[in-house]
$ cat entry-v5.tsv   # TSV, C-alpha atoms
chain	number	residue	atom	x	y	z
Q	1	MET	CA	0.00	0.00	0.00
Q	2	LYS	CA	0.97	3.63	-0.31
Q	3	ILE	CA	0.75	5.17	3.14
Q	4	LEU	CA	1.09	8.77	4.31
Q	5	VAL	CA	2.60	9.17	7.78
Q	6	THR	CA	2.44	12.71	9.13
Q	7	GLY	CA	4.86	13.53	11.92
Q	8	SER	CA	7.28	11.09	10.29
Q	9	ALA	CA	10.35	12.59	11.99
Q	10	GLY	CA	8.62	12.32	15.36
Q	11	PHE	CA	9.04	9.67	18.03
Q	12	ILE	CA	6.12	7.46	16.99
Q	13	GLY	CA	5.98	8.49	13.33
Q	14	SER	CA	9.57	7.56	12.60
Q	15	ALA	CA	9.27	4.17	14.31
Q	16	LEU	CA	6.05	3.48	12.41
Q	17	SER	CA	7.60	4.45	9.07
Q	18	ILE	CA	10.45	2.00	9.62
Q	19	GLU	CA	8.07	-0.86	10.35
Q	20	LEU	CA	5.78	-0.07	7.42
Q	21	LEU	CA	8.79	-0.08	5.08
Q	22	LYS	CA	9.92	-3.44	6.47
Q	23	LEU	CA	6.50	-4.80	5.58
Q	24	GLY	CA	6.92	-3.75	1.95
Q	25	ASN	CA	4.78	-0.62	1.84
Q	26	LYS	CA	5.54	2.65	0.10
Q	27	VAL	CA	5.68	5.39	2.72
Q	28	VAL	CA	5.42	9.14	2.23
Q	29	GLY	CA	6.44	11.13	5.29
Q	30	VAL	CA	5.50	14.68	6.22
Q	31	ASP	CA	7.06	16.65	9.07
Q	32	ASN	CA	7.65	20.35	9.67
Q	33	HIS	CA	10.87	19.82	11.70
Q	34	ASN	CA	9.97	22.66	14.06
Q	35	ASP	CA	12.12	23.66	17.02
Q	36	TYR	CA	9.70	22.77	19.84
Q	37	TYR	CA	12.66	20.59	20.88
Q	38	ASP	CA	16.11	20.05	19.37
Q	39	PRO	CA	15.57	19.40	15.63
Q	40	ALA	CA	18.78	17.35	15.59
Q	41	LEU	CA	16.91	14.50	17.26
Q	42	LYS	CA	14.29	14.58	14.51
Q	43	GLU	CA	17.05	14.43	11.90
Q	44	SER	CA	18.61	11.44	13.68
Q	45	ARG	CA	15.30	9.58	13.73
Q	46	LEU	CA	14.76	10.35	10.06
Q	47	GLU	CA	18.24	9.15	9.06
Q	48	ARG	CA	17.17	5.61	9.95
Q	49	HIS	CA	14.78	5.43	7.00
Q	50	LEU	CA	15.33	8.52	4.81
Q	51	ASP	CA	17.38	6.63	2.20
Q	52	HIS	CA	15.02	3.67	1.89
Q	53	PRO	CA	13.98	3.32	-1.79
Q	54	ASN	CA	10.29	3.18	-0.86
Q	55	TYR	CA	10.38	6.29	1.33
Q	56	THR	CA	9.69	9.89	0.26
Q	57	HIS	CA	9.92	12.82	2.65
Q	58	PHE	CA	8.30	16.26	2.55
Q	59	ARG	CA	9.10	19.09	4.94
Q	60	MET	CA	5.84	20.98	5.40
Q	61	ASN	CA	3.24	22.05	7.93
Q	62	ILE	CA	-0.07	20.22	7.87
Q	63	ASP	CA	-1.76	23.56	8.57
Q	64	ASP	CA	-0.56	24.74	5.13
Q	65	GLN	CA	-3.81	24.13	3.26
Q	66	LYS	CA	-2.48	24.56	-0.28
Q	67	SER	CA	0.56	22.33	0.23
Q	68	ILE	CA	-1.56	19.55	1.75
Q	69	GLU	CA	-4.07	19.77	-1.10
Q	70	ILE	CA	-1.28	19.37	-3.66
Q	71	LEU	CA	0.31	16.53	-1.70
Q	72	PHE	CA	-2.89	14.48	-1.61
Q	73	LYS	CA	-3.72	15.18	-5.23
Q	74	ASP	CA	-0.25	14.24	-6.49
Q	75	GLN	CA	0.45	11.21	-4.28
Q	76	LYS	CA	-2.96	9.46	-4.08
Q	77	PHE	CA	-2.60	7.56	-0.81
Q	78	ASP	CA	-4.35	4.32	0.12
Q	79	ILE	CA	-3.98	4.89	3.87
Q	80	VAL	CA	-3.23	7.95	6.01
Q	81	VAL	CA	-1.81	7.84	9.54
Q	82	ASN	CA	-1.94	11.30	11.11
Q	83	LEU	CA	0.59	11.57	13.94
Q	84	ALA	CA	1.56	15.21	13.34
Q	85	ALA	CA	0.49	17.45	16.20
Q	86	GLN	CA	1.78	20.01	18.61
Q	87	ALA	CA	2.43	17.83	21.65
Q	88	GLY	CA	2.77	18.56	25.35
Q	89	VAL	CA	0.15	19.31	28.00
Q	90	ARG	CA	1.97	22.10	29.83
Q	91	TYR	CA	3.20	23.84	26.68
Q	92	SER	CA	-0.43	24.15	25.57
Q	93	ILE	CA	-1.00	26.48	28.52
Q	94	GLU	CA	1.89	28.73	27.41
Q	95	ASN	CA	1.33	28.67	23.64
Q	96	PRO	CA	-2.27	27.78	22.77
Q	97	HIS	CA	-2.13	29.07	19.20
Q	98	ALA	CA	0.40	26.39	18.21
Q	99	TYR	CA	-2.18	23.75	19.14
Q	100	ILE	CA	-5.02	25.47	17.32
Q	101	SER	CA	-2.94	25.74	14.13
Q	102	SER	CA	-1.52	22.22	14.04
Q	103	ASN	CA	-4.04	20.10	15.90
Q	104	LEU	CA	-7.24	21.72	14.63
Q	105	VAL	CA	-6.53	23.52	11.36
Q	106	GLY	CA	-3.93	20.93	10.35
Q	107	PHE	CA	-6.18	17.99	11.13
Q	108	GLY	CA	-8.98	19.64	9.17
Q	109	ASN	CA	-6.65	19.79	6.15
Q	110	ILE	CA	-5.87	16.08	6.54
Q	111	LEU	CA	-9.57	15.21	6.69
Q	112	GLU	CA	-10.23	17.25	3.55
Q	113	GLY	CA	-7.35	15.56	1.75
Q	114	CYS	CA	-8.69	12.13	2.67
Q	115	ARG	CA	-12.23	13.03	1.58
Q	116	ASN	CA	-11.27	14.54	-1.74
Q	117	THR	CA	-8.95	11.70	-2.79
Q	118	LYS	CA	-11.03	8.77	-1.51
Q	119	VAL	CA	-8.52	7.51	1.05
Q	120	LYS	CA	-9.52	4.03	2.23
Q	121	HIS	CA	-8.73	4.51	5.92
Q	122	LEU	CA	-7.60	7.39	8.16
Q	123	ILE	CA	-5.90	6.45	11.43
Q	124	TYR	CA	-5.12	9.35	13.74
Q	125	ALA	CA	-3.50	9.93	17.11
Q	126	SER	CA	-5.73	10.86	19.98
Q	127	SER	CA	-4.58	10.79	23.61
Q	128	SER	CA	-5.35	9.44	27.06
Q	129	SER	CA	-5.52	13.09	28.13
Q	130	VAL	CA	-9.06	13.32	26.69
Q	131	TYR	CA	-10.32	11.54	29.82
Q	132	GLY	CA	-9.59	14.73	31.79
Q	133	LEU	CA	-11.61	14.85	35.00
Q	134	ASN	CA	-12.81	11.24	34.65
Q	135	THR	CA	-12.00	9.23	37.78
Q	136	LYS	CA	-13.51	5.86	36.88
Q	137	GLN	CA	-10.69	3.40	36.23
Q	138	PRO	CA	-9.66	1.91	33.91
Q	139	PHE	CA	-10.48	4.53	31.28
Q	140	SER	CA	-12.87	3.12	28.71
Q	141	THR	CA	-13.75	4.37	25.24
Q	142	LYS	CA	-17.36	3.69	26.25
Q	143	ASP	CA	-17.19	6.55	28.77
Q	144	CYS	CA	-17.94	10.25	28.26
Q	145	THR	CA	-14.88	12.47	27.66
Q	146	ASN	CA	-16.41	15.93	27.81
Q	147	HIS	CA	-14.22	17.38	30.57
Q	148	PRO	CA	-10.63	17.84	29.32
Q	149	VAL	CA	-8.27	19.82	31.59
Q	150	SER	CA	-5.79	21.13	29.00
Q	151	LEU	CA	-6.06	22.69	25.56
Q	152	TYR	CA	-3.94	19.84	24.20
Q	153	ALA	CA	-6.56	17.37	25.43
Q	154	ALA	CA	-9.36	19.53	24.08
Q	155	THR	CA	-7.79	19.53	20.60
Q	156	LYS	CA	-7.51	15.75	20.66
Q	157	LYS	CA	-11.15	15.44	21.70
Q	158	ALA	CA	-12.01	17.85	18.89
Q	159	ASN	CA	-10.12	15.62	16.43
Q	160	GLU	CA	-12.35	12.71	17.40
Q	161	LEU	CA	-15.47	14.82	16.81
Q	162	MET	CA	-14.17	16.15	13.49
Q	163	ALA	CA	-13.33	12.61	12.35
Q	164	HIS	CA	-16.82	11.41	13.24
Q	165	THR	CA	-18.37	14.17	11.17
Q	166	TYR	CA	-16.35	13.15	8.11
Q	167	SER	CA	-17.17	9.48	8.69
Q	168	HIS	CA	-20.85	10.41	8.85
Q	169	LEU	CA	-21.02	12.87	5.97
Q	170	TYR	CA	-18.58	11.27	3.53
Q	171	ARG	CA	-18.37	7.66	4.73
Q	172	LEU	CA	-14.63	8.10	5.33
Q	173	PRO	CA	-13.47	5.23	7.59
Q	174	THR	CA	-11.65	6.77	10.56
Q	175	THR	CA	-9.99	5.14	13.54
Q	176	GLY	CA	-8.75	7.17	16.51
Q	177	LEU	CA	-6.10	5.72	18.82
Q	178	ARG	CA	-5.84	7.11	22.33
Q	179	PHE	CA	-2.17	6.66	23.21
Q	180	PHE	CA	-1.17	6.10	26.83
Q	181	THR	CA	2.27	7.49	27.91
Q	182	VAL	CA	4.54	6.12	25.20
Q	183	TYR	CA	8.24	5.71	26.07
Q	184	GLY	CA	11.36	4.21	24.56
Q	185	PRO	CA	14.46	5.03	22.46
Q	186	TYR	CA	14.31	8.27	20.46
Q	187	ASP	CA	11.50	9.70	22.60
Q	188	ARG	CA	11.10	13.45	23.05
Q	189	PRO	CA	13.44	15.45	25.34
Q	190	ASP	CA	10.44	17.25	26.86
Q	191	MET	CA	8.97	13.97	28.07
Q	192	ALA	CA	9.48	12.89	31.68
Q	193	LEU	CA	11.80	9.97	30.99
Q	194	GLN	CA	14.48	12.01	29.23
Q	195	LYS	CA	14.17	14.79	31.79
Q	196	PHE	CA	14.55	12.35	34.67
Q	197	THR	CA	17.51	10.59	33.07
Q	198	THR	CA	19.35	13.83	32.35
Q	199	ALA	CA	18.81	15.08	35.91
Q	200	ILE	CA	19.87	11.82	37.59
Q	201	ILE	CA	23.08	11.60	35.57
Q	202	SER	CA	23.96	15.24	36.25
Q	203	GLY	CA	23.06	15.01	39.93
Q	204	ASP	CA	20.25	17.55	39.71
Q	205	PRO	CA	16.94	16.99	41.53
Q	206	ILE	CA	14.02	15.69	39.51
Q	207	LYS	CA	10.69	17.46	39.92
Q	208	LEU	CA	7.91	15.08	40.91
Q	209	PHE	CA	4.52	16.74	40.64
Q	210	ASN	CA	1.57	15.45	42.64
Q	211	TYR	CA	4.30	14.45	45.12
Q	212	GLY	CA	5.26	11.52	42.91
Q	213	LYS	CA	1.84	9.90	43.25
Q	214	HIS	CA	0.97	10.10	39.55
Q	215	LYS	CA	0.17	6.76	37.99
Q	216	ARG	CA	0.72	6.21	34.29
Q	217	ASP	CA	0.01	3.37	31.90
Q	218	PHE	CA	3.55	3.43	30.49
Q	219	THR	CA	3.55	1.81	27.04
Q	220	TYR	CA	6.70	0.84	25.17
Q	221	ILE	CA	7.09	2.16	21.63
Q	222	ASP	CA	7.24	-1.31	20.02
Q	223	ASP	CA	3.87	-2.23	21.54
Q	224	ILE	CA	2.37	1.00	20.20
Q	225	ILE	CA	3.72	0.36	16.70
Q	226	GLU	CA	2.39	-3.19	16.69
Q	227	GLY	CA	-1.07	-1.88	17.59
Q	228	ILE	CA	-1.05	0.73	14.83
Q	229	ILE	CA	0.09	-1.83	12.24
Q	230	ARG	CA	-2.75	-4.15	13.20
Q	231	VAL	CA	-5.33	-1.37	12.90
Q	232	ILE	CA	-4.09	-0.06	9.55
Q	233	GLY	CA	-5.25	-3.04	7.53
Q	234	GLN	CA	-8.78	-3.12	8.92
Q	235	PRO	CA	-10.74	0.08	8.23
Q	236	ALA	CA	-13.40	1.13	10.71
Q	237	THR	CA	-16.87	-0.16	9.93
Q	238	ILE	CA	-20.43	0.71	10.86
Q	239	ASN	CA	-21.68	-0.63	14.19
Q	240	GLU	CA	-24.89	-2.33	13.08
Q	241	ASN	CA	-26.15	-2.39	16.69
Q	242	TRP	CA	-25.46	1.28	17.39
Q	243	ASP	CA	-28.35	2.89	19.25
Q	244	GLY	CA	-28.90	6.65	19.14
Q	245	GLY	CA	-30.97	6.39	22.30
Q	246	ASN	CA	-28.03	4.86	24.17
Q	247	PRO	CA	-25.02	5.89	22.07
Q	248	ASP	CA	-21.69	4.10	22.33
Q	249	PRO	CA	-19.03	6.89	22.13
Q	250	SER	CA	-16.45	4.50	20.67
Q	251	SER	CA	-18.43	3.57	17.54
Q	252	SER	CA	-21.21	4.85	15.33
Q	253	SER	CA	-23.73	4.24	12.62
Q	254	SER	CA	-20.90	5.58	10.45
Q	255	PRO	CA	-17.50	3.90	9.74
Q	256	TYR	CA	-15.93	5.33	12.88
Q	257	LYS	CA	-14.04	3.75	15.78
Q	258	LEU	CA	-12.03	4.73	18.85
Q	259	TYR	CA	-9.56	2.54	20.73
Q	260	ASN	CA	-7.35	2.89	23.77
Q	261	ILE	CA	-3.82	1.69	23.10
Q	262	GLY	CA	-1.87	1.26	26.31
Q	263	ASN	CA	-0.08	-1.20	28.55
Q	264	ASN	CA	-3.18	-1.96	30.66
Q	265	ASN	CA	-0.96	-1.92	33.75
Q	266	PRO	CA	-0.52	1.49	35.47
Q	267	LEU	CA	2.64	2.15	37.45
Q	268	GLU	CA	3.20	4.79	40.13
Q	269	LEU	CA	5.80	7.35	39.11
Q	270	MET	CA	8.01	6.50	42.10
Q	271	ASP	CA	8.18	2.87	40.95
Q	272	TYR	CA	8.94	3.98	37.39
Q	273	ILE	CA	11.83	6.09	38.67
Q	274	GLN	CA	13.09	3.19	40.76
Q	275	VAL	CA	13.42	1.06	37.60
Q	276	LEU	CA	15.32	3.93	35.95
Q	277	GLU	CA	17.58	4.32	38.99
Q	278	SER	CA	18.35	0.61	38.91
Q	279	GLU	CA	19.26	0.73	35.24
Q	280	LEU	CA	21.48	3.81	35.68
Q	281	GLY	CA	23.01	2.61	38.94
Q	282	LYS	CA	22.33	5.93	40.68
Q	283	ILE	CA	19.64	7.19	43.07
Q	284	ALA	CA	17.74	10.30	42.03
Q	285	LYS	CA	17.46	13.45	44.11
Q	286	LYS	CA	13.76	14.16	44.33
Q	287	GLU	CA	11.84	17.41	44.67
Q	288	LEU	CA	8.21	16.74	45.59
Q	289	LEU	CA	5.77	19.33	44.23
Q	290	PRO	CA	1.98	19.77	44.06
Q	291	ILE	CA	0.00	18.73	40.99
Q	292	GLN	CA	0.29	21.05	37.98
Q	293	PRO	CA	-2.60	22.59	36.03
Q	294	GLY	CA	-3.63	20.30	33.18
Q	295	ASP	CA	-2.25	17.13	34.78
Q	296	VAL	CA	-4.34	13.98	35.10
Q	297	PRO	CA	-3.49	12.08	38.33
Q	298	GLU	CA	-3.83	8.58	36.86
Q	299	THR	CA	-4.14	6.93	33.47
Q	300	PHE	CA	-5.16	3.30	33.04
Q	301	ALA	CA	-6.22	1.95	29.65
Q	302	ASN	CA	-9.06	-0.48	29.14
Q	303	ILE	CA	-7.89	-2.18	25.92
Q	304	ASP	CA	-10.59	-4.85	25.71
Q	305	ASP	CA	-11.89	-3.67	22.32
Q	306	LEU	CA	-8.42	-3.54	20.77
Q	307	THR	CA	-7.71	-7.03	22.10
Q	308	LEU	CA	-11.04	-8.37	20.85
Q	309	ASP	CA	-10.85	-6.82	17.37
Q	310	PHE	CA	-7.12	-7.18	16.70
Q	311	ASN	CA	-5.78	-9.70	19.23
Q	312	TYR	CA	-3.61	-6.89	20.62
Q	313	LYS	CA	-1.60	-7.53	23.75
Q	314	PRO	CA	1.34	-5.40	24.97
Q	315	ARG	CA	4.40	-7.57	25.57
Q	316	VAL	CA	7.31	-5.38	26.69
Q	317	LYS	CA	7.97	-5.34	30.45
Q	318	ILE	CA	8.95	-2.04	32.04
Q	319	GLU	CA	12.40	-3.39	32.98
Q	320	ASP	CA	13.15	-4.41	29.39
Q	321	GLY	CA	11.79	-1.21	27.90
Q	322	MET	CA	13.76	0.91	30.35
Q	323	LYS	CA	16.99	-0.96	29.57
Q	324	ASN	CA	16.49	-0.35	25.86
Q	325	PHE	CA	15.87	3.34	26.50
Q	326	VAL	CA	18.91	3.81	28.74
Q	327	ASP	CA	21.18	1.96	26.30
Q	328	TRP	CA	19.99	4.27	23.51
Q	329	TYR	CA	20.25	7.42	25.66
Q	330	ILE	CA	23.86	6.72	26.67
Q	331	LYS	CA	24.88	5.99	23.09
Q	332	TYR	CA	22.98	8.88	21.48
Q	333	TYR	CA	24.14	11.55	23.94
Q	334	LYS	CA	27.62	10.00	24.28
Q	335	ILE	CA	27.37	9.68	28.05
Q	336	LYS	CA	30.05	8.10	30.24
Q	337	LEU	CA	28.63	6.81	33.50
Q	338	ASP	CA	31.41	7.36	36.07
Q	339	PHE	CA	29.47	6.91	39.29
$ encode --input "entry-v5.tsv" --output "structure tokens"
Amino acid sequence: MKILVTGSAGFIGSALSIELLKLGNKVVGVDNHNDYYDPALKESRLERHLDHPNYTHFRMNIDDQKSIEILFKDQKFDIVVNLAAQAGVRYSIENPHAYISSNLVGFGNILEGCRNTKVKHLIYASSSSVYGLNTKQPFSTKDCTNHPVSLYAATKKANELMAHTYSHLYRLPTTGLRFFTVYGPYDRPDMALQKFTTAIISGDPIKLFNYGKHKRDFTYIDDIIEGIIRVIGQPATINENWDGGNPDPSSSSSPYKLYNIGNNNPLELMDYIQVLESELGKIAKKELLPIQPGDVPETFANIDDLTLDFNYKPRVKIEDGMKNFVDWYIKYYKIKLDF
């Protein structure tokens, strides 16, 4: 198949592109290479697959309507996987316009491109952050998600609503994947794991909000990629039993579907750090702080639907995933552990 991956120089997008190429697909990547974090990391991710004969790369913003229109018209994709977005919960408080441009306007351009060129299936990244003020655990796609606590989360919820509209009006099959705290080699420097690792190695204190009591459904990158690959080949379909009087938020009378994709095993942040400390061979200095605006205290993914429909089951243990991350981190940043 010919597959568009937006955000193809990103953490998840690059890993997905590599796997799709291994499976014999033609992949077109789009990324704007912005400086939200060090662009050198994006270039390093991209180097792993840039020269593959079945890979083509475009540097552009998905909120550039004209460029996206031309891209879709010229390339004629079978499948689109939209992973491009302005990420980060806290940054959305400081710079909301970046999220409106990329996550709303940009996603609208992707939807229009899919509609106008008869794309067979659109898969797009949502987020566990859409659950917001929900306290019922584990989080289920059957539950209401109308109370986000950050603009980032609100844009992801909006993406789900926008996708449903296109599925309803134009019968475009769309599948939204709510990612739960993805980690692993080549992850973003603004994410907690890289921040913690840098601080521990340098001897600086790590900031633990909510006094370290956050729980997260940490999911290793390989498990995420396996889930996306499984979903790609099976476009969303109509739920024949959907009832407007008792609507299921995860499906529809249109070809629309939502899934959680997570580890299904939440871990307290203190325990997560303990695994990192063990791998580094050094104890972290810890600064305990109150919860931050926009933070969700706990994430826990109910993945029953993804398991039922795609036989999905995360396999990577936290100890193995952490070892892989630390090995990459030390090599990539040329670190010598002398403690």
$ closest_residue --input "entry-v5.tsv" --among "Q:Lys120, Q:Lys22, Q:Lys257, Q:Lys213" --to "Pro290 of chain Q" --atoms "all atoms listed in the file"
Q:Lys213
$ residues_around --input "entry-v5.tsv" --residues "His214 of chain Q" --least-positions-apart "3" --cutoff "7 Å" --atoms "all atoms listed in the file" --output "PyMOL selection string"
chain Q and resi 210+268-269+297-298
$ closest_residue --input "entry-v5.tsv" --among "Q:Val28, Q:Ala125, Q:Leu21, Q:Ile201" --to "Asp74 of chain Q" --atoms "all atoms listed in the file"
Q:Val28
$ axis_aligned_box --input "entry-v5.tsv" --around "segment 165-183 of chain Q" --padding-each-side "6 Å" --output "lines of an AutoDock Vina configuration file"
center_x = -6.4
center_y = 9.7
center_z = 15.7
size_x = 41.3
size_y = 21.0
size_z = 36.4
$ closest_residue --input "entry-v5.tsv" --among "Q:Glu287, Q:Glu19, Q:Asp271, Q:Asp63" --to "Pro205 of chain Q" --atoms "all atoms listed in the file"
Q:Glu287
$ residues_around --input "entry-v5.tsv" --residues "Leu172 of chain Q" --least-positions-apart "6" --cutoff "10 Å" --atoms "all atoms listed in the file" --output "list in words"
Leu111, Cys114, Arg115, Lys118, Val119, Lys120, His121, Leu122, Ala163, His164, Thr165, Tyr166, Pro235, Ala236, Thr237, Ser254, Pro255 and Tyr256 of chain Q
$ closest_residue --input "entry-v5.tsv" --among "Q:Ala153, Q:Ala84, Q:Ile335, Q:Val5" --to "Pro96 of chain Q" --atoms "only C-alpha atoms"
Q:Ala153
$ residues_near_point --input "entry-v5.tsv" --point "(2.8, 23.8, 8.7)" --cutoff "10 Å" --atoms "all atoms listed in the file" --output "tab-separated table (two decimals) with C-alpha atoms, keeping the file's coordinate frame"
chain	number	residue	atom	x	y	z
Q	30	VAL	CA	5.50	14.68	6.22
Q	31	ASP	CA	7.06	16.65	9.07
Q	32	ASN	CA	7.65	20.35	9.67
Q	33	HIS	CA	10.87	19.82	11.70
Q	34	ASN	CA	9.97	22.66	14.06
Q	59	ARG	CA	9.10	19.09	4.94
Q	60	MET	CA	5.84	20.98	5.40
Q	61	ASN	CA	3.24	22.05	7.93
Q	62	ILE	CA	-0.07	20.22	7.87
Q	63	ASP	CA	-1.76	23.56	8.57
Q	64	ASP	CA	-0.56	24.74	5.13
Q	65	GLN	CA	-3.81	24.13	3.26
Q	67	SER	CA	0.56	22.33	0.23
Q	68	ILE	CA	-1.56	19.55	1.75
Q	84	ALA	CA	1.56	15.21	13.34
Q	101	SER	CA	-2.94	25.74	14.13
Q	102	SER	CA	-1.52	22.22	14.04
Q	105	VAL	CA	-6.53	23.52	11.36
Q	106	GLY	CA	-3.93	20.93	10.35
$ residues_around --input "entry-v5.tsv" --residues "Gly203 of chain Q" --least-positions-apart "5" --cutoff "9 Å" --atoms "all atoms listed in the file" --output "PyMOL selection string"
chain Q and resi 198+284-285
$ write_last_selection --input "entry-v5.tsv" --atoms "C-alpha atoms" --output "CSV table (one decimal), keeping the file's coordinate frame"
chain,number,residue,atom,x,y,z
Q,198,THR,CA,19.4,13.8,32.4
Q,284,ALA,CA,17.7,10.3,42.0
Q,285,LYS,CA,17.5,13.4,44.1
$ closest_residue --input "entry-v5.tsv" --among "Q:Tyr124, Q:Tyr131, Q:Tyr152, Q:Tyr186" --to "Leu46 of chain Q" --atoms "only C-alpha atoms"
Q:Tyr186
$ closest_residue --input "entry-v5.tsv" --among "Q:Thr56, Q:Asn241, Q:Asn25, Q:Gln234" --to "Thr175 of chain Q" --atoms "all atoms listed in the file"
Q:Gln234
$ atom_distance --input "entry-v5.tsv" --atom1 "atom CA of Pro266 of chain Q" --atom2 "atom CA of Arg216 of chain Q"
5.0 Å
$ atom_distance --input "entry-v5.tsv" --atom1 "atom CA of Pro314 of chain Q" --atom2 "atom CA of Thr219 of chain Q"
7.8 Å
$ atom_distance --input "entry-v5.tsv" --atom1 "atom CA of Lys136 of chain Q" --atom2 "atom CA of Tyr211 of chain Q"
21.4 Å
$ residues_near_point --input "entry-v5.tsv" --point "(4.5, 4.7, 25.5)" --cutoff "10 Å" --atoms "all atoms listed in the file" --output "number ranges by chain"
Q: 12, 179-184, 187, 216-225, 261-263, 321
$ residues_around --input "entry-v5.tsv" --residues "Asp248 of chain Q" --least-positions-apart "5" --cutoff "9 Å" --atoms "only C-alpha atoms" --output "compact mmCIF listing (two decimals) with C-alpha atoms, in the coordinates of the input"
# COMPACT_ATOMS: atom_id res chain seq x y z
CA THR Q 141 -13.75 4.37 25.24
CA LYS Q 142 -17.36 3.69 26.25
CA ASP Q 143 -17.19 6.55 28.77
CA TRP Q 242 -25.46 1.28 17.39
CA ASP Q 243 -28.35 2.89 19.25
$ residues_around --input "entry-v5.tsv" --residues "Gly132 of chain Q" --least-positions-apart "5" --cutoff "7 Å" --atoms "only C-alpha atoms" --output "list of chain:residue names"
Q:His147, Q:Pro148, Q:Val149, Q:Val296
